[in-house]
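As provided, final-v1.json (JSON, C-alpha atoms) reads as follows.
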```
[["chain", "number", "residue", "atom", "x", "y", "z"],
["A", 28, "MET", "CA", 28.17, 18.64, 103.86],
["A", 29, "GLY", "CA", 26.80, 18.39, 100.32],
["A", 30, "ASN", "CA", 24.54, 15.74, 98.90],
["A", 31, "LEU", "CA", 26.01, 12.27, 98.93],
["A", 32, "PRO", "CA", 25.40, 10.00, 95.97],
["A", 33, "GLU", "CA", 23.99, 7.31, 98.28],
["A", 34, "SER", "CA", 23.30, 4.78, 95.57],
["A", 35, "SER", "CA", 26.99, 4.69, 94.69],
["A", 36, "LEU", "CA", 27.84, 3.85, 98.32],
["A", 37, "ILE", "CA", 25.72, 0.69, 98.39],
["A", 38, "ARG", "CA", 27.87, -2.43, 98.05],
["A", 39, "HIS", "CA", 25.11, -4.95, 98.68],
["A", 40, "GLU", "CA", 21.48, -4.80, 99.58],
["A", 41, "MET", "CA", 19.68, -7.71, 101.11],
["A", 42, "VAL", "CA", 16.28, -8.51, 102.42],
["A", 43, "LEU", "CA", 15.82, -11.42, 104.75],
["A", 44, "ARG", "CA", 12.36, -12.19, 106.05],
["A", 45, "GLU", "CA", 11.53, -14.35, 109.04],
["A", 46, "LEU", "CA", 8.46, -16.24, 107.87],
["A", 47, "GLN", "CA", 6.37, -18.89, 109.48],
["A", 48, "LEU", "CA", 6.66, -22.21, 107.67],
["A", 49, "PRO", "CA", 3.18, -23.70, 107.89],
["A", 50, "HIS", "CA", 2.66, -27.34, 107.04],
["A", 51, "GLU", "CA", 0.62, -26.54, 103.92],
["A", 52, "VAL", "CA", 3.62, -24.72, 102.40],
["A", 53, "GLU", "CA", 5.65, -27.91, 102.72],
["A", 54, "LEU", "CA", 3.15, -29.90, 100.65],
["A", 55, "THR", "CA", 4.30, -28.77, 97.20],
["A", 56, "LYS", "CA", 7.61, -27.88, 95.62],
["A", 57, "LYS", "CA", 6.11, -24.73, 94.07],
["A", 58, "SER", "CA", 4.96, -23.39, 97.44],
["A", 59, "LEU", "CA", 8.34, -24.21, 99.04],
["A", 60, "VAL", "CA", 10.23, -22.43, 96.24],
["A", 61, "ARG", "CA", 7.96, -19.39, 96.61],
["A", 62, "TRP", "CA", 8.47, -19.44, 100.41],
["A", 63, "LEU", "CA", 12.25, -19.62, 99.95],
["A", 64, "ALA", "CA", 12.27, -16.76, 97.42],
["A", 65, "LEU", "CA", 10.14, -14.61, 99.70],
["A", 66, "SER", "CA", 12.22, -15.48, 102.77],
["A", 67, "LEU", "CA", 15.49, -14.68, 100.98],
["A", 68, "GLY", "CA", 14.11, -11.39, 99.66],
["A", 69, "LEU", "CA", 14.23, -12.49, 96.02],
["A", 70, "ILE", "CA", 10.59, -11.55, 95.46],
["A", 71, "SER", "CA", 8.22, -9.12, 97.14],
["A", 72, "PRO", "CA", 5.14, -10.13, 99.09],
["A", 73, "ASN", "CA", 2.16, -10.61, 96.74],
["A", 74, "GLU", "CA", 4.53, -10.89, 93.76],
["A", 75, "SER", "CA", 2.50, -12.24, 90.86],
["A", 76, "ARG", "CA", 5.31, -12.73, 88.35],
["A", 77, "THR", "CA", 6.67, -16.25, 88.50],
["A", 78, "LEU", "CA", 9.79, -16.31, 86.34],
["A", 79, "MET", "CA", 12.20, -15.73, 89.26],
["A", 80, "LEU", "CA", 10.51, -18.61, 91.07],
["A", 81, "ASP", "CA", 10.90, -20.86, 88.05],
["A", 82, "VAL", "CA", 14.57, -19.89, 87.64],
["A", 83, "LEU", "CA", 15.16, -20.67, 91.32],
["A", 84, "GLU", "CA", 13.33, -23.98, 90.97],
["A", 85, "ALA", "CA", 15.49, -24.91, 87.96],
["A", 86, "LEU", "CA", 18.69, -24.05, 89.84],
["A", 87, "LEU", "CA", 17.53, -26.08, 92.85],
["A", 88, "PHE", "CA", 16.80, -29.02, 90.54],
["A", 89, "PHE", "CA", 20.34, -28.99, 89.15],
["A", 90, "HIS", "CA", 21.84, -28.46, 92.61],
["A", 91, "ALA", "CA", 20.00, -31.54, 93.91],
["A", 92, "LYS", "CA", 21.46, -33.54, 91.02],
["A", 93, "LYS", "CA", 24.92, -32.08, 91.79],
["A", 94, "GLU", "CA", 25.06, -30.64, 88.26],
["A", 95, "GLU", "CA", 26.18, -27.21, 87.11],
["A", 96, "PRO", "CA", 23.87, -26.23, 84.26],
["A", 97, "SER", "CA", 24.68, -24.10, 81.26],
["A", 98, "ILE", "CA", 22.26, -21.38, 80.20],
["A", 99, "HIS", "CA", 20.87, -23.83, 77.62],
["A", 100, "ASP", "CA", 20.24, -26.45, 80.35],
["A", 101, "ILE", "CA", 18.42, -23.80, 82.38],
["A", 102, "PHE", "CA", 16.29, -22.78, 79.37],
["A", 103, "GLU", "CA", 15.43, -26.43, 78.75],
["A", 104, "LYS", "CA", 14.43, -27.01, 82.39],
["A", 105, "LEU", "CA", 12.41, -23.80, 82.40],
["A", 106, "GLY", "CA", 10.57, -25.06, 79.33],
["A", 107, "GLU", "CA", 9.58, -28.14, 81.35],
["A", 108, "ILE", "CA", 8.61, -26.10, 84.41],
["A", 109, "ARG", "CA", 6.66, -23.45, 82.53],
["A", 110, "LYS", "CA", 5.09, -25.86, 80.04],
["A", 111, "ASN", "CA", 3.10, -23.65, 77.64],
["A", 112, "GLU", "CA", 4.04, -20.27, 79.11],
["A", 113, "GLY", "CA", 7.21, -19.82, 77.07],
["A", 114, "VAL", "CA", 10.56, -18.52, 78.24],
["A", 115, "ASN", "CA", 11.92, -15.04, 77.59],
["A", 116, "PRO", "CA", 15.73, -15.51, 77.37],
["A", 117, "LYS", "CA", 16.42, -11.86, 78.21],
["A", 118, "ALA", "CA", 14.28, -12.05, 81.35],
["A", 119, "VAL", "CA", 15.93, -15.33, 82.41],
["A", 120, "ARG", "CA", 19.38, -13.78, 82.00],
["A", 121, "TYR", "CA", 18.21, -10.79, 84.05],
["A", 122, "HIS", "CA", 17.11, -13.01, 86.95],
["A", 123, "LEU", "CA", 20.34, -15.02, 86.80],
["A", 124, "LEU", "CA", 22.30, -11.76, 86.91],
["A", 125, "GLN", "CA", 20.26, -10.60, 89.93],
["A", 126, "LEU", "CA", 21.05, -13.86, 91.75],
["A", 127, "LYS", "CA", 24.72, -13.53, 90.78],
["A", 128, "ASN", "CA", 24.87, -9.91, 91.97],
["A", 129, "LYS", "CA", 23.38, -10.96, 95.31],
["A", 130, "GLY", "CA", 26.15, -13.58, 95.63],
["A", 131, "ILE", "CA", 23.66, -16.45, 95.66],
["A", 132, "ILE", "CA", 24.91, -18.07, 92.46],
["A", 133, "SER", "CA", 28.13, -17.93, 90.50],
["A", 134, "ARG", "CA", 28.98, -18.55, 86.87],
["A", 135, "LYS", "CA", 32.22, -20.22, 85.86],
["A", 136, "LYS", "CA", 33.07, -21.31, 82.33],
["A", 137, "GLY", "CA", 29.44, -20.87, 81.30],
["A", 138, "LYS", "CA", 28.12, -23.07, 84.11],
["A", 139, "TYR", "CA", 25.89, -21.88, 86.94],
["A", 140, "SER", "CA", 25.93, -23.06, 90.54],
["A", 141, "PHE", "CA", 25.00, -21.87, 93.98],
["A", 142, "SER", "CA", 27.85, -20.06, 95.69],
["A", 143, "LEU", "CA", 29.14, -22.51, 98.24],
["A", 144, "ASN", "CA", 31.81, -21.58, 100.73],
["A", 145, "PRO", "CA", 34.94, -23.71, 100.10],
["A", 146, "GLN", "CA", 34.89, -24.71, 103.79],
["A", 147, "ASN", "CA", 31.37, -26.09, 103.28],
["A", 148, "GLN", "CA", 32.41, -29.66, 102.53],
["A", 149, "SER", "CA", 28.85, -31.01, 102.79],
["A", 150, "GLY", "CA", 27.52, -28.86, 99.95],
["A", 151, "ASP", "CA", 24.64, -27.87, 102.25],
["A", 152, "LEU", "CA", 22.84, -25.04, 100.49],
["A", 153, "GLY", "CA", 21.12, -23.79, 103.65],
["A", 154, "GLU", "CA", 24.47, -23.48, 105.37],
["A", 155, "ALA", "CA", 25.93, -21.66, 102.37],
["A", 156, "LEU", "CA", 23.09, -19.14, 102.19],
["A", 157, "GLU", "CA", 23.19, -18.59, 105.95],
["A", 158, "SER", "CA", 26.93, -17.96, 105.75],
["A", 159, "LEU", "CA", 26.49, -15.48, 102.87],
["A", 160, "TYR", "CA", 23.79, -13.49, 104.66],
["A", 161, "ILE", "CA", 25.62, -13.50, 108.01],
["A", 162, "GLU", "CA", 28.83, -12.32, 106.32],
["A", 163, "ARG", "CA", 26.93, -9.42, 104.72],
["A", 164, "VAL", "CA", 25.23, -8.49, 108.01],
["A", 165, "LYS", "CA", 28.56, -8.50, 109.88],
["A", 166, "SER", "CA", 30.15, -6.34, 107.19],
["A", 167, "ALA", "CA", 27.27, -3.86, 107.32],
["A", 168, "PHE", "CA", 27.44, -3.63, 111.11],
["A", 169, "LEU", "CA", 31.18, -2.91, 111.09],
["A", 170, "ASN", "CA", 30.40, 0.40, 109.39],
["A", 171, "ILE", "CA", 27.21, 0.97, 111.39],
["A", 172, "ARG", "CA", 29.21, 0.70, 114.64],
["A", 173, "ARG", "CA", 31.86, 3.03, 113.24],
["A", 174, "ALA", "CA", 29.22, 5.58, 112.23],
["A", 175, "LEU", "CA", 27.54, 5.35, 115.66],
["A", 176, "LYS", "CA", 30.86, 6.12, 117.36],
["A", 177, "GLY", "CA", 31.13, 9.25, 115.26],
["A", 178, "VAL", "CA", 27.64, 10.43, 116.20],
["A", 179, "LYS", "CA", 28.51, 10.88, 119.91]]
```

What does the file become when written as structure tokens?
Amino acid sequence: MGNLPESSLIRHEMVLRELQLPHEVELTKKSLVRWLALSLGLISPNESRTLMLDVLEALLFFHAKKEEPSIHDIFEKLGEIRKNEGVNPKAVRYHLLQLKNKGIISRKKGKYSFSLNPQNQSGDLGEALESLYIERVKSAFLNIRRALKGVK
């Protein structure tokens, strides 16, 4: 068998980390957002760049208000979050695209929102993310089981 173009075979890639949730993490919104991003595999351990965290914080802010922000709303909120740091629109769009490609958010008619399963009547974001990750794991293991049968 020749070389396979493995990267073209990847449909989704996900990292999910089981982290302790110490009390001190729960004391500030910033530390909770960082913990969530690390747990969901959105950032790497010891990540020093904060824009992804700020984008996630902005999206969580709008989700809590039950609003679907436009890109301009997100830029405005990021301006508040980042204060004097400034906002690079290209980098923000990149992070939004990464979240969209992971299936965590969706964009409809120029508005962003977390991807909630239509059966999720409560709008519970934890339930929606759990469902997304479990669906991806099940899909991956269908092919893993199939491949293991062929290895016999």

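Going from atom CA of Tyr121 of chain A over to atom CA of Met79 of chain A, you cover 9.4 Å.
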
*Select, counting only C-alpha atoms, all protein, DNA and RNA residues no farther than 12 Å from (17.5, -10.2, 90.5) in file coordinates, and express the selection as a count of residues only.*
28

*So how many Å separate atom CA of Val52 of chain A and atom CA of Leu152 of chain A, to one decimal?*
19.3 Å

*atom CA of Glu107 of chain A and atom CA of Asp81 of chain A, how far apart in Å?*
10.0 Å

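In terms of minimum interatomic distance to Lys117 of chain A, A:Ile98 ranks closest within A:Leu36, A:Ile98, A:Val164, A:Leu31, counting only C-alpha atoms.
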
_Spatial neighbours of segment 153-163 of chain A, 7 Å, all atoms listed in the file, chain gap at least 3 places, as a list of chain:residue names_ =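 Non-adjacent residues within range: A:Leu143, A:Asn144, A:Ser166, A:Ala167.
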
Write the residues of the selection above to a file with C-alpha atoms, as a PDB file, in the coordinates of the input.
```pdb
ATOM      1  CA  LEU A 143      29.140 -22.510  98.240  1.00  0.00           C
ATOM      2  CA  ASN A 144      31.810 -21.580 100.730  1.00  0.00           C
ATOM      3  CA  SER A 166      30.150  -6.340 107.190  1.00  0.00           C
ATOM      4  CA  ALA A 167      27.270  -3.860 107.320  1.00  0.00           C
TER       5      ALA A 167
END
```

Could you put an axis-aligned box around every listed atom of segment 58-70 of chain A, padded by 6 Å on each side, and send me its centre and edge lengths in Å to one decimal, as AutoDock Vina command-line options?
```
--center_x 10.2 --center_y -17.8 --center_z 99.1 --size_x 22.5 --size_y 24.8 --size_z 19.3
```

*Of the candidates A:Ser142, A:Asn170, A:Gln47, A:Ser133, which one gets nearest to Ser97 of chain A if we count only C-alpha atoms?*
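Between A:Ser142, A:Asn170, A:Gln47, A:Ser133, the residue approaching Ser97 of chain A most closely is A:Ser133.
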
*Identify which of the residues A:Ser149, A:Ser35, A:Ser140, A:Ser58 lies closest to Thr77 of chain A, counting all atoms listed in the file when measuring atom-to-atom distances.*
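Ranking A:Ser149, A:Ser35, A:Ser140, A:Ser58 by distance to Thr77 of chain A, first place goes to A:Ser58.
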
*asked:* With distances taken over only C-alpha atoms, which residue among A:Glu84, A:Glu94, A:Glu33, A:Glu51 lies nearest Tyr139 of chain A?
replied: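 Checking each candidate against Tyr139 of chain A, we get A:Glu94 as the closest.
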
*Write out as number ranges by chain the residues lying within 12 Å of Gly137 of chain A, counting all atoms listed in the file and excluding same-chain residues fewer than 6 positions away.*
A: 95-101

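You can rank A:Val42, A:His50, A:Lys92, A:Gly106 by their closest distance to Ser66 of chain A using all atoms listed in the file, and at the top of that list sits A:Val42.
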